[in-house]
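Asks: I'd like to ask some things about the structure below.
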Amino acid sequence: MRLVSGGSAESAHDVVVPPEGARLAFVEIMLEPGWKTYWRTPGDAGGLPPAFDWSKSTNLAQAEVLYPAPRRFTDRSGHTIGYEGGLVLPVVLTPERANEPIALALDFHYGICKDVCVPVDAALAVEVGADEADAAPSAGLSALEAVPRSQDRLRPLDPELVSASGILGAASPKLTIEARFPGGAEGADVFLEAPDSLYLPLPVLKTTKADGTLVFEAELDADVNVSELEGKAVTVTMVSEAGASIATFLVE
């Protein structure tokens, strides 16, 4: 794995609004065939999400890690969410002083898995210049293209959230997500994240409506703290082979 400097943050404008003077770096992980690594929410079967410690950096006010669209893996232990073959994570860097370089230092903890999950620790560093003229590496640009876009920044083939609702007071509480996939349903999937480390199960595709809208449901079983979930803003990430998007909704 390595940490790479990657120019100005203007190339990230499709997925974030970079602060003035922001710069890019990329965390790159290369994996042997058959190995995978995890998304920020690793899934029902467990796993180690990436953990970033930037505290040894200098002239760094903020580092925002962007995650390309993940996929679901299913095996005998259950479902996990992540990446295989390799992963490039774009990082939007905001300097404390715009006219000085950032001495970027990262203590990185993450997990990889083939048959069992293996924790990995790495210490990485790179200098990101004050006047970054170098273009982002091609793998970094591809990773930026794969970061889910918000509903107000959708491209023509990105998934669109139609509705999101929760039934919390019933005997069988659940969350229901309806989404359109204009690029086609191949690889279509939905992932949910709640704040405050609240657990949410992976949704399951239940039906396809006549207009092509896909309906996913997440049954809130005994492992879900339903009372704590009420009133919380839940993030839904929608992915397919053609595009990816993200949205939030309030559970009421």
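We name chains A, B, ... following the order of the structure tokens; residues begin at 1 in each chain, and ligands are numbered from 1 as shown.
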Residues within 7 Å of A:Asp121, please, as a PyMOL selection string. Count only C-alpha atoms; anything in the same chain fewer than 5 positions from it doesn't count.

Replies: chain A and resi 108-110

Asks: Mind writing the picked residues with C-alpha atoms as an mmCIF file, in the first residue's frame?

Replies:
```cif
data_model
loop_
_atom_site.group_PDB
_atom_site.id
_atom_site.type_symbol
_atom_site.label_atom_id
_atom_site.label_comp_id
_atom_site.auth_asym_id
_atom_site.auth_seq_id
_atom_site.Cartn_x
_atom_site.Cartn_y
_atom_site.Cartn_z
ATOM 1 C CA PHE A 108 -3.567 3.481 9.086
ATOM 2 C CA HIS A 109 -5.397 0.483 10.526
ATOM 3 C CA TYR A 110 -7.579 -1.694 8.300
#
```

Asks: Tell me, as a PyMOL selection string, which residues lie within 10 Å of stretch 205-216 of chain A, counting only C-alpha atoms; anything in the same chain fewer than 3 positions away does not count.

Replies: chain A and resi 160-164+175-182+184-185+188-191+202+219

Asks: Export C-alpha atoms of the chosen residues as an mmCIF file, in the first residue's frame?

Replies:
```cif
data_model
loop_
_atom_site.group_PDB
_atom_site.id
_atom_site.type_symbol
_atom_site.label_atom_id
_atom_site.label_comp_id
_atom_site.auth_asym_id
_atom_site.auth_seq_id
_atom_site.Cartn_x
_atom_site.Cartn_y
_atom_site.Cartn_z
ATOM 1 C CA GLU A 160 -32.222 7.918 -7.760
ATOM 2 C CA LEU A 161 -33.875 7.619 -4.356
ATOM 3 C CA VAL A 162 -37.650 7.520 -4.861
ATOM 4 C CA SER A 163 -38.697 7.099 -1.230
ATOM 5 C CA ALA A 164 -37.437 5.947 2.154
ATOM 6 C CA LEU A 175 -37.069 0.243 6.773
ATOM 7 C CA THR A 176 -38.146 0.384 3.134
ATOM 8 C CA ILE A 177 -36.080 1.939 0.345
ATOM 9 C CA GLU A 178 -37.402 2.502 -3.174
ATOM 10 C CA ALA A 179 -34.881 3.471 -5.850
ATOM 11 C CA ARG A 180 -34.659 3.780 -9.611
ATOM 12 C CA PHE A 181 -31.584 2.555 -11.464
ATOM 13 C CA PRO A 182 -31.628 4.269 -14.891
ATOM 14 C CA GLY A 184 -29.928 -0.856 -15.342
ATOM 15 C CA ALA A 185 -30.361 -3.140 -12.348
ATOM 16 C CA ALA A 188 -28.027 -2.946 -7.939
ATOM 17 C CA ASP A 189 -27.750 -2.854 -4.161
ATOM 18 C CA VAL A 190 -28.493 -0.606 -1.201
ATOM 19 C CA PHE A 191 -26.570 -0.054 2.060
ATOM 20 C CA LEU A 202 -28.327 -5.041 5.146
ATOM 21 C CA GLU A 219 -36.046 -5.968 8.776
#
```

Asks: Compile the contact shell of A:Glu193 as a list in words: residues with an atom at most 7 Å away, counting only C-alpha atoms, same-chain residues fewer than 3 positions apart removed.

Replies: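 Listed by chain and then number, they are Leu200, Val234, Thr235 and Val236 of chain A.
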
Asks: Extract, using only C-alpha atoms, all DNA, RNA and protein residues at most 6 Å from stretch 4-6 of chain A, discarding same-chain residues fewer than 4 positions from it, and format them as a VMD selection string.

Replies: chain A and resid 24 to 26 128 136

Asks: I'd like the interatomic distance between atom CA of A:Tyr38 and atom CA of A:Thr74, to a tenth of an Å.

Replies: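 Value for the atom CA of A:Tyr38-atom CA of A:Thr74 distance: 13.1 Å.
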
Asks: Need to verify the contact set: A:Val251, 6 Å, only C-alpha atoms, exclusion of same-chain residues closer than 6 positions in sequence. Can you return it as a list in words?

Replies: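 Selected residues are Gly166, Glu230, Gly231 and Lys232 of chain A.
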
Asks: Can you tell me which residues surround A:Val118 at a distance of at most 10 Å, considering only C-alpha atoms, apart from same-chain residues fewer than 4 positions away, and format the answer as a ChimeraX atom specification?

Replies: /A:37,47-48,110-114

Asks: Go ahead and dump the residues you just picked, C-alpha atoms, as a compact mmCIF listing (two decimals), in the first residue's frame.

Replies:
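Dumped to result20.txt:
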```
# COMPACT_ATOMS: atom_id res chain seq x y z
CA THR A 37 -10.88 -5.21 2.19
CA GLY A 47 -14.76 -7.06 9.55
CA LEU A 48 -12.45 -4.12 10.20
CA TYR A 110 -7.58 -1.69 8.30
CA GLY A 111 -8.54 -5.30 7.63
CA ILE A 112 -8.10 -7.70 4.73
CA CYS A 113 -9.83 -11.03 4.36
CA LYS A 114 -9.62 -14.24 2.36
```

Asks: So which residues of stretch 16-192 of chain A fall under strand (DSSP E or B) by DSSP, listed as number ranges by chain?

Replies: A: 23-30, 36-38, 51-53, 58, 60-65, 71-75, 78-84, 86-95, 102-113, 117-128, 149-150, 160-167, 174-180, 189-192

Asks: Could you pull the residues within 7 Å of A:Arg72, counting only C-alpha atoms, minus those fewer than 3 positions along the same chain, as a PyMOL selection string?

Replies: chain A and resi 79-82

Asks: For the atom pair atom CA of A:Val27 and atom CA of A:Leu106, what is the interatomic distance in Å to one decimal place?

Replies: 9.5 Å

Asks: To one decimal place in Å, what is the distance between atom CA of A:Pro70 and atom CA of A:Asp115?

Replies: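 Atom CA of A:Asp115 lies 19.4 Å from atom CA of A:Pro70.
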